$ cat data_23.txt   # compact mmCIF, C-alpha atoms
# COMPACT_ATOMS: atom_id res chain seq x y z
CA MET A 1 107.19 99.51 -20.74
CA SER A 2 106.58 96.97 -23.44
CA LYS A 3 104.41 94.02 -22.54
CA ILE A 4 105.36 90.44 -23.24
CA HIS A 5 103.05 87.93 -24.87
CA VAL A 6 102.75 84.65 -22.96
CA SER A 7 101.15 81.40 -24.15
CA THR A 8 100.61 78.84 -21.44
CA THR A 9 98.24 76.12 -20.27
CA VAL A 10 96.05 76.51 -17.20
CA ASN A 11 94.09 73.52 -15.93
CA GLY A 12 94.45 71.93 -19.36
CA ASP A 13 93.22 74.96 -21.32
CA ALA A 14 95.51 76.89 -23.65
CA VAL A 15 95.50 80.57 -22.64
CA GLU A 16 97.36 83.72 -23.64
CA TYR A 17 97.98 87.06 -21.95
CA LEU A 18 100.12 90.16 -22.22
CA CYS A 19 102.09 91.07 -19.12
CA ASP A 20 104.68 93.45 -17.80
CA PRO A 21 107.80 91.44 -16.85
CA ARG A 22 107.44 92.56 -13.22
CA GLU A 23 103.97 91.05 -12.88
CA THR A 24 103.79 87.77 -10.99
CA LEU A 25 102.04 84.64 -12.17
CA LEU A 26 99.57 85.26 -9.33
CA ASP A 27 98.75 88.72 -10.76
CA CYS A 28 98.30 87.22 -14.22
CA LEU A 29 96.04 84.40 -13.02
CA ARG A 30 93.83 86.73 -11.01
CA ASP A 31 93.78 89.93 -13.08
CA LYS A 32 94.15 88.69 -16.66
CA LEU A 33 92.57 85.22 -16.55
CA SER A 34 90.00 85.95 -13.79
CA LEU A 35 91.11 82.85 -11.91
CA THR A 36 90.78 84.30 -8.42
CA GLY A 37 91.09 81.04 -6.48
CA ALA A 38 94.77 81.61 -5.76
CA LYS A 39 94.96 84.37 -3.14
CA GLU A 40 97.58 86.95 -2.33
CA GLY A 41 98.40 86.64 1.37
CA CYS A 42 101.96 87.80 1.95
CA GLY A 43 103.30 88.17 -1.59
CA THR A 44 106.69 86.89 -0.43
CA GLY A 45 106.35 83.11 -0.47
CA ASP A 46 105.70 82.67 3.24
CA CYS A 47 101.95 81.94 3.46
CA GLY A 48 101.14 79.58 0.58
CA ALA A 49 97.72 81.13 -0.19
CA CYS A 50 98.81 81.52 -3.83
CA SER A 51 99.91 77.88 -4.23
CA VAL A 52 99.63 76.44 -7.75
CA THR A 53 101.44 73.71 -9.64
CA LEU A 54 103.95 74.61 -12.35
CA ASP A 55 104.64 71.60 -14.58
CA GLY A 56 103.31 69.47 -11.73
CA ARG A 57 105.58 71.01 -9.08
CA LEU A 58 104.01 72.86 -6.13
CA VAL A 59 105.09 76.54 -6.08
CA CYS A 60 103.98 79.90 -4.77
CA SER A 61 102.60 81.80 -7.77
CA CYS A 62 103.67 85.07 -6.11
CA LEU A 63 107.28 83.89 -6.53
CA VAL A 64 106.91 83.11 -10.24
CA LEU A 65 106.83 85.82 -12.89
CA GLY A 66 104.00 85.76 -15.39
CA VAL A 67 106.55 85.60 -18.22
CA GLU A 68 108.03 82.41 -16.75
CA ALA A 69 104.76 80.58 -17.46
CA GLU A 70 105.49 80.56 -21.21
CA GLY A 71 105.05 77.00 -22.47
CA LYS A 72 104.33 75.62 -19.00
CA GLU A 73 101.41 73.71 -17.49
CA ILE A 74 99.76 75.53 -14.59
CA GLY A 75 97.33 73.87 -12.18
CA THR A 76 95.09 75.96 -9.90
CA VAL A 77 92.30 75.20 -7.46
CA GLU A 78 89.78 75.88 -10.24
CA GLY A 79 90.98 72.71 -11.95
CA ILE A 80 90.61 70.39 -8.97
CA ALA A 81 86.90 69.53 -9.27
CA GLU A 82 85.66 67.57 -12.26
CA GLY A 83 82.74 69.65 -13.45
CA ASP A 84 80.17 69.63 -10.63
CA VAL A 85 81.87 66.76 -8.83
CA LEU A 86 84.11 67.97 -6.05
CA HIS A 87 87.54 66.45 -5.56
CA PRO A 88 87.56 64.16 -2.50
CA LEU A 89 89.73 66.70 -0.68
CA GLN A 90 87.19 69.47 -1.30
CA GLN A 91 84.32 67.31 -0.07
CA LYS A 92 86.26 66.25 3.01
CA PHE A 93 87.17 69.84 3.85
CA ILE A 94 83.42 70.61 3.88
CA ASP A 95 82.61 67.49 5.93
CA TYR A 96 85.27 68.34 8.51
CA ALA A 97 84.60 72.10 8.44
CA ALA A 98 88.33 72.37 7.78
CA LEU A 99 88.05 76.04 6.92
CA GLN A 100 86.71 79.24 8.38
CA CYS A 101 87.48 82.44 6.49
CA GLY A 102 88.61 80.43 3.46
CA ILE A 103 91.52 82.58 2.30
CA CYS A 104 94.09 79.81 2.83
CA THR A 105 91.82 77.03 1.56
CA PRO A 106 92.56 77.09 -2.19
CA GLY A 107 96.31 76.97 -1.55
CA ILE A 108 95.93 74.18 0.97
CA LEU A 109 93.77 72.13 -1.41
CA VAL A 110 96.32 72.51 -4.22
CA ALA A 111 99.17 71.64 -1.85
CA ALA A 112 97.37 68.66 -0.29
CA LYS A 113 96.44 67.30 -3.74
CA ALA A 114 100.09 67.52 -4.78
CA LEU A 115 101.09 65.64 -1.61
CA LEU A 116 98.62 62.79 -2.14
CA GLU A 117 99.70 62.37 -5.75
CA GLN A 118 103.28 61.94 -4.58
CA ASN A 119 102.57 60.09 -1.34
CA PRO A 120 99.15 58.36 -1.07
CA ASP A 121 99.85 57.18 2.49
CA PRO A 122 101.47 60.06 4.39
CA THR A 123 101.99 60.05 8.14
CA GLU A 124 100.54 62.94 10.12
CA GLU A 125 104.06 64.30 10.52
CA GLU A 126 104.58 64.18 6.74
CA VAL A 127 101.30 66.02 6.15
CA ARG A 128 102.24 68.69 8.68
CA PHE A 129 105.71 69.20 7.19
CA TRP A 130 104.37 69.25 3.63
CA LEU A 131 101.78 71.90 4.56
CA ALA A 132 104.16 73.94 6.73
CA GLY A 133 104.26 76.57 3.98
CA ASN A 134 100.48 77.04 4.05
CA LEU A 135 99.50 79.34 6.88
CA CYS A 136 95.98 79.29 8.34
CA ARG A 137 95.10 81.83 11.01
CA CYS A 138 91.61 80.47 11.79
CA THR A 139 91.46 76.74 12.24
CA GLY A 140 94.50 75.81 14.30
CA TYR A 141 95.28 73.28 11.53
CA ASP A 142 93.87 70.23 13.32
CA LYS A 143 90.76 69.85 11.15
CA ILE A 144 92.82 70.45 8.02
CA ILE A 145 95.28 67.71 8.92
CA ARG A 146 92.51 65.28 9.82
CA ALA A 147 90.66 66.06 6.57
CA VAL A 148 93.78 65.37 4.51
CA MET A 149 94.56 62.15 6.40
CA ASP A 150 90.98 60.92 6.02
CA THR A 151 90.90 61.78 2.31
CA ALA A 152 94.11 59.84 1.82
CA ARG A 153 92.55 56.85 3.56
CA ASP A 154 89.40 57.03 1.39
CA MET A 155 91.39 57.43 -1.82
CA ARG A 156 93.58 54.43 -0.95
CA GLU A 157 90.50 52.29 -0.31
CA THR A 158 88.83 53.24 -3.57
CA ALA A 159 92.01 53.08 -5.63
CA MET B 1 112.65 96.20 -16.10
CA GLN B 2 114.02 94.40 -19.14
CA TYR B 3 113.46 90.63 -19.12
CA HIS B 4 115.80 88.37 -21.08
CA SER B 5 115.86 84.60 -21.41
CA PRO B 6 119.11 83.80 -23.25
CA GLU B 7 119.94 80.37 -24.65
CA SER B 8 123.57 80.18 -23.54
CA PHE B 9 125.63 81.32 -20.57
CA ALA B 10 127.97 83.19 -22.90
CA GLN B 11 124.98 85.19 -24.09
CA ALA B 12 123.78 85.67 -20.49
CA ALA B 13 127.21 86.98 -19.46
CA ARG B 14 127.32 89.33 -22.45
CA LEU B 15 123.85 90.68 -21.63
CA ALA B 16 124.89 91.27 -18.02
CA ALA B 17 128.17 92.91 -18.99
CA GLU B 18 126.43 95.30 -21.39
CA ALA B 19 123.43 96.08 -19.14
CA GLU B 20 123.17 99.39 -17.31
CA GLY B 21 121.91 99.79 -13.76
CA VAL B 22 121.01 96.87 -11.53
CA THR B 23 121.17 93.37 -13.03
CA ARG B 24 119.90 90.16 -11.47
CA PHE B 25 119.98 86.59 -12.73
CA LEU B 26 116.76 84.63 -12.25
CA ALA B 27 116.75 80.92 -11.45
CA GLY B 28 114.23 79.88 -8.77
CA GLY B 29 113.44 83.48 -7.91
CA THR B 30 112.75 82.83 -4.22
CA ASP B 31 115.11 85.62 -3.21
CA VAL B 32 115.01 87.81 -6.35
CA LEU B 33 111.20 88.09 -6.40
CA VAL B 34 110.99 88.71 -2.65
CA GLN B 35 113.55 91.54 -2.96
CA LEU B 36 111.66 92.93 -5.97
CA ARG B 37 108.37 92.85 -4.10
CA ALA B 38 109.84 94.45 -0.97
CA ASP B 39 111.52 97.24 -3.00
CA ILE B 40 114.91 96.10 -1.68
CA VAL B 41 116.35 95.40 -5.15
CA THR B 42 114.50 96.45 -8.30
CA PRO B 43 116.53 95.16 -11.24
CA ASP B 44 116.74 97.19 -14.44
CA THR B 45 117.70 93.97 -16.21
CA LEU B 46 116.52 90.50 -15.25
CA ILE B 47 118.22 87.57 -16.98
CA ASP B 48 116.30 84.30 -16.68
CA ILE B 49 118.81 81.46 -17.13
CA LYS B 50 116.29 78.60 -17.08
CA LYS B 51 116.04 78.29 -20.87
CA ILE B 52 119.76 77.55 -21.17
CA PRO B 53 120.38 73.85 -21.96
CA GLY B 54 121.67 71.83 -18.99
CA THR B 55 120.38 74.11 -16.24
CA HIS B 56 117.81 71.50 -15.14
CA ASP B 57 120.14 68.48 -15.22
CA ILE B 58 121.63 66.36 -12.44
CA THR B 59 124.52 64.43 -14.00
CA ARG B 60 126.70 61.71 -12.50
CA ASN B 61 129.94 61.86 -14.48
CA GLY B 62 132.04 58.84 -15.45
CA ASP B 63 134.53 59.45 -12.63
CA GLY B 64 131.75 59.50 -10.01
CA SER B 65 131.68 63.29 -9.66
CA TRP B 66 128.44 65.21 -10.08
CA THR B 67 127.49 68.21 -12.20
CA LEU B 68 124.40 70.09 -11.11
CA GLY B 69 122.51 72.49 -13.36
CA VAL B 70 122.02 75.87 -11.73
CA ALA B 71 118.21 75.80 -11.96
CA VAL B 72 117.68 72.41 -10.30
CA PRO B 73 115.34 73.05 -7.34
CA GLY B 74 115.82 71.55 -3.90
CA ALA B 75 112.88 69.17 -4.32
CA GLU B 76 114.55 67.51 -7.33
CA LEU B 77 117.80 67.03 -5.40
CA GLY B 78 115.82 65.30 -2.65
CA GLU B 79 114.08 63.01 -5.14
CA HIS B 80 117.36 61.89 -6.77
CA ALA B 81 118.20 58.60 -5.03
CA GLY B 82 121.76 58.41 -6.39
CA LEU B 83 122.66 61.91 -5.28
CA VAL B 84 121.09 61.37 -1.85
CA ALA B 85 123.10 58.16 -1.45
CA ASP B 86 126.38 59.90 -2.33
CA TRP B 87 125.90 63.32 -0.70
CA PRO B 88 123.11 63.16 1.91
CA GLY B 89 124.51 66.17 3.77
CA VAL B 90 124.36 68.50 0.75
CA VAL B 91 120.81 67.39 -0.05
CA GLU B 92 119.49 67.56 3.53
CA ALA B 93 120.93 71.05 3.94
CA MET B 94 119.22 72.35 0.78
CA ASN B 95 115.97 70.61 1.71
CA LEU B 96 115.82 72.56 4.98
CA VAL B 97 115.38 75.83 3.06
CA GLY B 98 111.81 77.12 3.24
CA SER B 99 108.56 75.30 2.54
CA THR B 100 107.49 72.63 0.05
CA GLN B 101 106.55 75.47 -2.30
CA VAL B 102 109.97 77.12 -1.93
CA GLN B 103 111.65 73.72 -2.48
CA GLY B 104 109.87 73.56 -5.84
CA ARG B 105 111.85 76.59 -7.02
CA ALA B 106 114.83 77.44 -4.78
CA THR B 107 118.28 76.38 -6.00
CA LEU B 108 121.71 75.72 -4.52
CA THR B 109 123.19 78.38 -6.79
CA GLY B 110 120.64 80.95 -5.67
CA ASN B 111 121.23 80.12 -2.02
CA LEU B 112 124.96 80.65 -2.65
CA CYS B 113 124.64 83.88 -4.66
CA ASN B 114 122.16 85.45 -2.23
CA GLY B 115 125.18 85.73 0.05
CA SER B 116 123.42 85.08 3.34
CA PRO B 117 125.82 83.96 6.11
CA ALA B 118 122.94 81.77 7.35
CA ALA B 119 122.28 80.00 4.02
CA ASP B 120 121.71 76.35 4.93
CA SER B 121 123.13 74.75 1.81
CA VAL B 122 126.39 76.70 1.73
CA PRO B 123 128.19 75.07 4.70
CA ALA B 124 127.28 71.67 3.24
CA MET B 125 128.61 72.67 -0.19
CA VAL B 126 131.82 74.00 1.38
CA ALA B 127 132.34 70.85 3.45
CA ALA B 128 131.79 68.78 0.30
CA SER B 129 134.56 70.69 -1.53
CA MET B 130 132.10 71.79 -4.17
CA THR B 131 133.16 74.15 -6.94
CA ALA B 132 131.32 76.44 -9.32
CA THR B 133 131.95 77.15 -12.98
CA VAL B 134 131.68 80.90 -13.45
CA THR B 135 131.03 82.19 -16.96
CA GLY B 136 131.98 85.78 -17.73
CA PRO B 137 132.46 87.93 -20.82
CA ASP B 138 136.05 86.63 -21.11
CA GLY B 139 135.32 82.94 -20.63
CA GLU B 140 135.01 80.46 -17.80
CA ARG B 141 136.77 79.93 -14.50
CA VAL B 142 136.25 77.38 -11.73
CA VAL B 143 135.92 78.72 -8.20
CA ALA B 144 135.68 76.96 -4.83
CA VAL B 145 132.25 77.55 -3.28
CA GLU B 146 133.84 79.07 -0.15
CA ASP B 147 135.40 81.79 -2.32
CA ILE B 148 132.05 83.01 -3.71
CA PRO B 149 130.48 84.83 -0.70
CA THR B 150 132.47 87.83 0.56
CA GLY B 151 130.02 89.23 3.11
CA PRO B 152 126.30 89.48 3.80
CA GLY B 153 124.60 89.88 0.39
CA ARG B 154 127.92 90.17 -1.44
CA THR B 155 129.86 87.79 -3.68
CA SER B 156 133.19 87.70 -5.49
CA LEU B 157 131.44 87.51 -8.87
CA ALA B 158 132.37 90.43 -11.12
CA ARG B 159 129.93 92.34 -13.30
CA GLY B 160 128.90 90.10 -16.19
CA GLU B 161 129.82 86.88 -14.36
CA VAL B 162 127.26 84.17 -13.69
CA ILE B 163 127.53 80.70 -12.14
CA SER B 164 126.87 78.26 -14.97
CA ALA B 165 127.26 74.90 -13.16
CA LEU B 166 128.03 73.40 -9.76
CA HIS B 167 130.34 70.44 -9.24
CA ILE B 168 130.58 67.87 -6.45
CA PRO B 169 133.67 65.64 -6.30
CA ALA B 170 133.39 61.88 -6.57
CA ARG B 171 132.18 60.50 -3.25
CA GLY B 172 134.73 57.69 -3.07
CA GLU B 173 134.84 54.95 -0.46
CA ASN B 174 134.22 55.07 3.30
CA ALA B 175 133.05 58.66 3.39
CA GLY B 176 130.02 60.59 4.59
CA ASP B 177 128.66 64.09 5.03
CA ALA B 178 125.95 65.69 7.16
CA TYR B 179 124.37 69.04 8.01
CA LEU B 180 122.39 70.24 11.01
CA ARG B 181 121.15 73.67 11.99
CA PHE B 182 119.73 75.08 15.18
CA ILE B 183 116.40 76.90 14.93
CA PRO B 184 113.90 77.54 17.74
CA ARG B 185 111.07 76.08 15.62
CA SER B 186 110.81 72.75 13.81
CA GLU B 187 110.42 74.13 10.26
CA MET B 188 110.38 77.29 8.12
CA ASP B 189 113.09 79.25 9.88
CA ILE B 190 116.56 80.70 9.32
CA ALA B 191 119.59 79.04 10.89
CA VAL B 192 120.80 80.50 14.18
CA VAL B 193 123.85 78.27 13.68
CA GLY B 194 124.46 75.74 10.90
CA CYS B 195 127.22 73.13 10.70
CA ALA B 196 128.34 70.68 8.03
CA VAL B 197 130.95 67.92 8.29
CA ASN B 198 132.35 65.79 5.49
CA LEU B 199 134.86 63.06 6.33
CA ARG B 200 136.55 59.88 5.14
CA LEU B 201 137.66 56.85 7.14
CA ASP B 202 140.39 54.25 6.93
CA GLY B 203 138.99 51.53 9.16
CA ASP B 204 137.78 53.47 12.20
CA THR B 205 140.22 56.35 11.77
CA ILE B 206 139.32 59.65 10.13
CA THR B 207 141.79 60.39 7.34
CA GLU B 208 140.16 63.42 5.73
CA ALA B 209 137.69 65.97 7.08
CA ARG B 210 136.17 69.35 6.30
CA VAL B 211 134.07 71.28 8.81
CA SER B 212 132.03 74.33 7.86
CA LEU B 213 129.91 76.68 9.97
CA GLY B 214 127.06 79.00 8.98
CA ALA B 215 125.48 82.03 10.70
CA VAL B 216 128.42 82.63 13.03
CA ALA B 217 130.43 85.11 10.90
CA PRO B 218 129.89 87.51 7.96
CA THR B 219 130.40 84.56 5.60
CA VAL B 220 130.10 80.81 5.90
CA LEU B 221 133.36 79.54 7.43
CA LEU B 222 135.61 76.64 6.48
CA VAL B 223 137.20 75.76 9.83
CA GLY B 224 140.55 74.05 9.28
CA ASP B 225 141.28 73.76 13.01
CA ALA B 226 138.05 71.85 13.55
CA ALA B 227 138.93 69.38 10.81
CA ALA B 228 142.44 68.99 12.23
CA ALA B 229 140.90 68.22 15.63
CA ILE B 230 139.34 64.99 14.36
CA ILE B 231 141.71 63.86 11.58
CA GLY B 232 143.68 60.87 12.85
CA SER B 233 141.10 60.10 15.53
CA THR B 234 138.30 57.55 15.79
CA LEU B 235 135.94 60.37 16.81
CA ASP B 236 136.42 59.43 20.47
CA ASP B 237 135.23 61.76 23.22
CA ALA B 238 138.52 63.62 23.40
CA ALA B 239 138.44 64.29 19.64
CA LEU B 240 134.82 65.45 19.86
CA ASP B 241 135.73 67.87 22.65
CA ARG B 242 138.63 69.24 20.57
CA LEU B 243 136.25 69.58 17.61
CA ALA B 244 133.70 71.50 19.67
CA ALA B 245 136.36 73.81 21.08
CA ALA B 246 137.78 74.53 17.62
CA ALA B 247 134.32 75.18 16.15
CA SER B 248 133.42 77.58 18.97
CA ALA B 249 136.79 79.32 18.70
CA ALA B 250 136.17 80.06 15.01
CA CYS B 251 132.88 81.88 15.65
CA LYS B 252 132.65 85.63 15.17
CA PRO B 253 128.87 85.98 15.35
CA ILE B 254 126.53 88.91 15.83
CA ASP B 255 123.98 89.40 18.58
CA ASP B 256 120.51 89.58 17.13
CA LYS B 257 116.93 88.57 17.81
CA ARG B 258 117.66 85.00 16.72
CA GLY B 259 120.62 84.36 19.01
CA THR B 260 123.26 85.99 21.17
CA ILE B 261 127.01 85.82 20.58
CA ALA B 262 127.45 83.52 23.58
CA PHE B 263 124.61 81.21 22.50
CA ARG B 264 125.77 80.91 18.90
CA THR B 265 129.35 80.23 19.99
CA GLU B 266 128.25 77.47 22.37
CA VAL B 267 125.80 75.90 19.92
CA ALA B 268 128.41 75.80 17.14
CA GLY B 269 130.44 73.37 19.25
CA VAL B 270 127.43 71.27 20.19
CA LEU B 271 126.26 71.02 16.58
CA ALA B 272 129.75 70.19 15.31
CA LYS B 273 129.85 67.13 17.58
CA ARG B 274 126.39 65.94 16.53
CA VAL B 275 127.06 66.47 12.83
CA ALA B 276 130.43 64.74 12.98
CA ARG B 277 128.77 61.69 14.58
CA ILE B 278 126.21 61.51 11.75
CA ALA B 279 128.87 61.94 9.04
CA TYR B 280 130.99 59.25 10.74
CA ALA B 281 128.06 56.82 10.91
CA ARG B 282 127.28 57.47 7.25
CA ALA B 283 130.92 56.84 6.34
CA LYS B 284 130.49 53.49 8.09
CA GLY B 285 127.58 52.74 5.76
CA GLU B 286 124.67 53.53 8.05
CA ILE B 287 121.63 55.13 6.45
CA ILE B 288 120.68 58.11 8.58
CA LYS B 289 117.79 60.09 7.17
CA GLY B 290 117.67 63.85 7.32
CA HIS B 291 115.08 65.95 9.05
CA HIS B 292 112.45 65.32 6.36
CA GLY B 293 113.47 61.76 5.65
$ encode --input "data_23.txt" --output "structure tokens"
Amino acid sequence: MSKIHVSTTVNGDAVEYLCDPRETLLDCLRDKLSLTGAKEGCGTGDCGACSVTLDGRLVCSCLVLGVEAEGKEIGTVEGIAEGDVLHPLQQKFIDYAALQCGICTPGILVAAKALLEQNPDPTEEEVRFWLAGNLCRCTGYDKIIRAVMDTARDMRETA
Amino acid sequence: MQYHSPESFAQAARLAAEAEGVTRFLAGGTDVLVQLRADIVTPDTLIDIKKIPGTHDITRNGDGSWTLGVAVPGAELGEHAGLVADWPGVVEAMNLVGSTQVQGRATLTGNLCNGSPAADSVPAMVAASMTATVTGPDGERVVAVEDIPTGPGRTSLARGEVISALHIPARGENAGDAYLRFIPRSEMDIAVVGCAVNLRLDGDTITEARVSLGAVAPTVLLVGDAAAAIIGSTLDDAALDRLAAAASAACKPIDDKRGTIAFRTEVAGVLAKRVARIAYARAKGEIIKGHHG
């Protein structure tokens, strides 16, 4: 099986890899680029643990082939903090203890960041619908929702 | 698996016609990659159509009709104010499919070609009289959306044929469409019954209507008797009862874990009434937001 050469951009950095056309973007991020923030939960687009942005659009990286990333801009959880300074969502998730085992957390952070960029003042219902594709089996969601709502409030006040 | 990303539909059709074994076209991939992962369908040839010009475009034509590129994801339909204003039912149906992440990739064309009787967008497309341009090795043909699915997981597309564009007619005056589904949850589920209604008024009287049902037969149904039950009426209670009876009478559902035959048949009638009321109100100019509105 011949491998395909892919040039893409991840968190602003130009990267290249060789992949089999059956490999997913998630596989390529984790195994070729050592970006292990995105997690494989279900592998079928149901759990959201592998959430990334593709040209700014929230997607499950398990439902994107590595070859489809050619010429695209990928955003992962590794690109959310600015150096040592956590993104407000990351800090608020710590403050609220909005995580337990942590497997769903990178996907939820990427998804919540995408929401707040599109809608800086979401209702609780909008947050819950937006994050409906991010499953968490530990927290019961309440702390996650409150952390996102509170981050949105802070970001509006400092904007 | 051979991966191709052709630059024209003619080239895509030729690749598919000449390929051996199992061929799949890749747009959003939210069905193709799941089937690949689950070892349900492992394509020998995968043809990614997203590099073909026009596949990402939403175009309002001079006559008011719309042409939709086959790779436009649900999220982009929902963000297009003009399309939402003209065809809220088509957009709300597509936007019910899956999560935010799935909406970032999943397409109307994929929902249609996956051939699920429970596909949310398909009843809405059928009610809207949408058509598809199909490109094959011998050229193009235009097919009504209701003539694409032939059974669960099956379509009328021949080997080497690929849908290259979707078309929605001009909305015109005093008209509205709507879609509702029944699911036991509030989100992230597959329709137990889906229903779409598209209608036009002259004053208070319905002059044109199309009613379509999903998940109650091996394919999405266009129910002529249900449309006939409300054409000429003002959607009064008697017309709504005739509509419900006609919708239920058209059902040939299965019993499964998501709903029994009796339940689906009953709910089809209930949904048809509710959807017709929304389409009627929209035809009157009311703004009624969909589930995610």
$ closest_residue --input "data_23.txt" --among "A:Thr53, A:Asn11, A:Thr139, A:Thr151" --to "Ala97 (chain A)" --atoms "all atoms listed in the file"
A:Thr139
$ residues_around --input "data_23.txt" --residues "region 124-137 of chain A" --least-positions-apart "6" --cutoff "9 Å" --atoms "all atoms listed in the file" --output "PDB file with C-alpha atoms, in the frame of the given file"
ATOM      1  CA  GLY A  45     106.350  83.110  -0.470  1.00  0.00           C
ATOM      2  CA  ASP A  46     105.700  82.670   3.240  1.00  0.00           C
ATOM      3  CA  CYS A  47     101.950  81.940   3.460  1.00  0.00           C
ATOM      4  CA  GLY A  48     101.140  79.580   0.580  1.00  0.00           C
ATOM      5  CA  ALA A  49      97.720  81.130  -0.190  1.00  0.00           C
ATOM      6  CA  SER A  51      99.910  77.880  -4.230  1.00  0.00           C
ATOM      7  CA  LEU A  99      88.050  76.040   6.920  1.00  0.00           C
ATOM      8  CA  CYS A 101      87.480  82.440   6.490  1.00  0.00           C
ATOM      9  CA  GLY A 102      88.610  80.430   3.460  1.00  0.00           C
ATOM     10  CA  ILE A 103      91.520  82.580   2.300  1.00  0.00           C
ATOM     11  CA  CYS A 104      94.090  79.810   2.830  1.00  0.00           C
ATOM     12  CA  THR A 105      91.820  77.030   1.560  1.00  0.00           C
ATOM     13  CA  GLY A 107      96.310  76.970  -1.550  1.00  0.00           C
ATOM     14  CA  ILE A 108      95.930  74.180   0.970  1.00  0.00           C
ATOM     15  CA  ALA A 111      99.170  71.640  -1.850  1.00  0.00           C
ATOM     16  CA  ALA A 112      97.370  68.660  -0.290  1.00  0.00           C
ATOM     17  CA  LEU A 115     101.090  65.640  -1.610  1.00  0.00           C
ATOM     18  CA  ILE A 145      95.280  67.710   8.920  1.00  0.00           C
ATOM     19  CA  ARG A 146      92.510  65.280   9.820  1.00  0.00           C
ATOM     20  CA  VAL A 148      93.780  65.370   4.510  1.00  0.00           C
ATOM     21  CA  MET A 149      94.560  62.150   6.400  1.00  0.00           C
TER      22      MET A 149
ATOM     23  CA  GLY B  98     111.810  77.120   3.240  1.00  0.00           C
ATOM     24  CA  SER B  99     108.560  75.300   2.540  1.00  0.00           C
ATOM     25  CA  THR B 100     107.490  72.630   0.050  1.00  0.00           C
ATOM     26  CA  GLN B 101     106.550  75.470  -2.300  1.00  0.00           C
ATOM     27  CA  VAL B 102     109.970  77.120  -1.930  1.00  0.00           C
ATOM     28  CA  GLU B 187     110.420  74.130  10.260  1.00  0.00           C
ATOM     29  CA  MET B 188     110.380  77.290   8.120  1.00  0.00           C
ATOM     30  CA  HIS B 292     112.450  65.320   6.360  1.00  0.00           C
TER      31      HIS B 292
END
$ closest_residue --input "data_23.txt" --among "B:Thr205, B:Thr42, B:Thr23, B:Ser8" --to "chain A" --atoms "all atoms listed in the file"
B:Thr42
$ interface_residues --input "data_23.txt" --of "chain A" --to "chain B" --cutoff "7 Å" --atoms "all atoms listed in the file" --output "list of chain:residue names"
A:Pro21, A:Arg22, A:Thr44, A:Arg57, A:Leu58, A:Val59, A:Cys60, A:Leu63, A:Val64, A:Trp130, A:Ala132, A:Gly133
$ residues_near_point --input "data_23.txt" --point "(93.8, 86.9, -18.0)" --cutoff "10 Å" --atoms "all atoms listed in the file" --output "PyMOL selection string"
chain A and resi 15-19+27-35
$ residues_near_point --input "data_23.txt" --point "(131.6, 61.6, -5.3)" --cutoff "8 Å" --atoms "all atoms listed in the file" --output "list of chain:residue names"
B:Gly64, B:Ser65, B:Trp66, B:Asp86, B:Trp87, B:Ile168, B:Pro169, B:Ala170, B:Arg171, B:Gly172
$ residues_around --input "data_23.txt" --residues "Asp20 (chain A)" --least-positions-apart "6" --cutoff "7 Å" --atoms "all atoms listed in the file" --output "list in words"
Ser2, Lys3 and Ile4 of chain A
$ atom_distance --input "data_23.txt" --atom1 "CA of Thr9 (chain A)" --atom2 "CA of Arg24 (chain B)"
27.3 Å
$ residues_around --input "data_23.txt" --residues "Glu73 (chain A)" --least-positions-apart "2" --cutoff "9 Å" --atoms "only C-alpha atoms" --output "MDAnalysis selection string"
chainID A and resid 8:12 53:56 69:71 75
$ residues_around --input "data_23.txt" --residues "Gly160 (chain B)" --least-positions-apart "6" --cutoff "6 Å" --atoms "only C-alpha atoms" --output "list of chain:residue names"
B:Ala13, B:Ala16, B:Ala17, B:Gly136
$ atom_distance --input "data_23.txt" --atom1 "CA of Ala229 (chain B)" --atom2 "CA of Ile206 (chain B)"
10.3 Å
$ residues_around --input "data_23.txt" --residues "Thr265 (chain B)" --least-positions-apart "4" --cutoff "10 Å" --atoms "all atoms listed in the file" --output "list in words"
Val193, Val216, Ala244, Ala245, Ala247, Ser248, Ala249, Ala250, Cys251, Lys252, Pro253, Gly259, Thr260, Ile261, Gly269 and Val270 of chain B
$ atom_distance --input "data_23.txt" --atom1 "CA of Ile47 (chain B)" --atom2 "CA of Pro137 (chain B)"
14.8 Å
$ closest_residue --input "data_23.txt" --among "B:Gly82, B:Gly54, B:Gly62, B:Pro184" --to "Lys257 (chain B)" --atoms "all atoms listed in the file"
B:Pro184
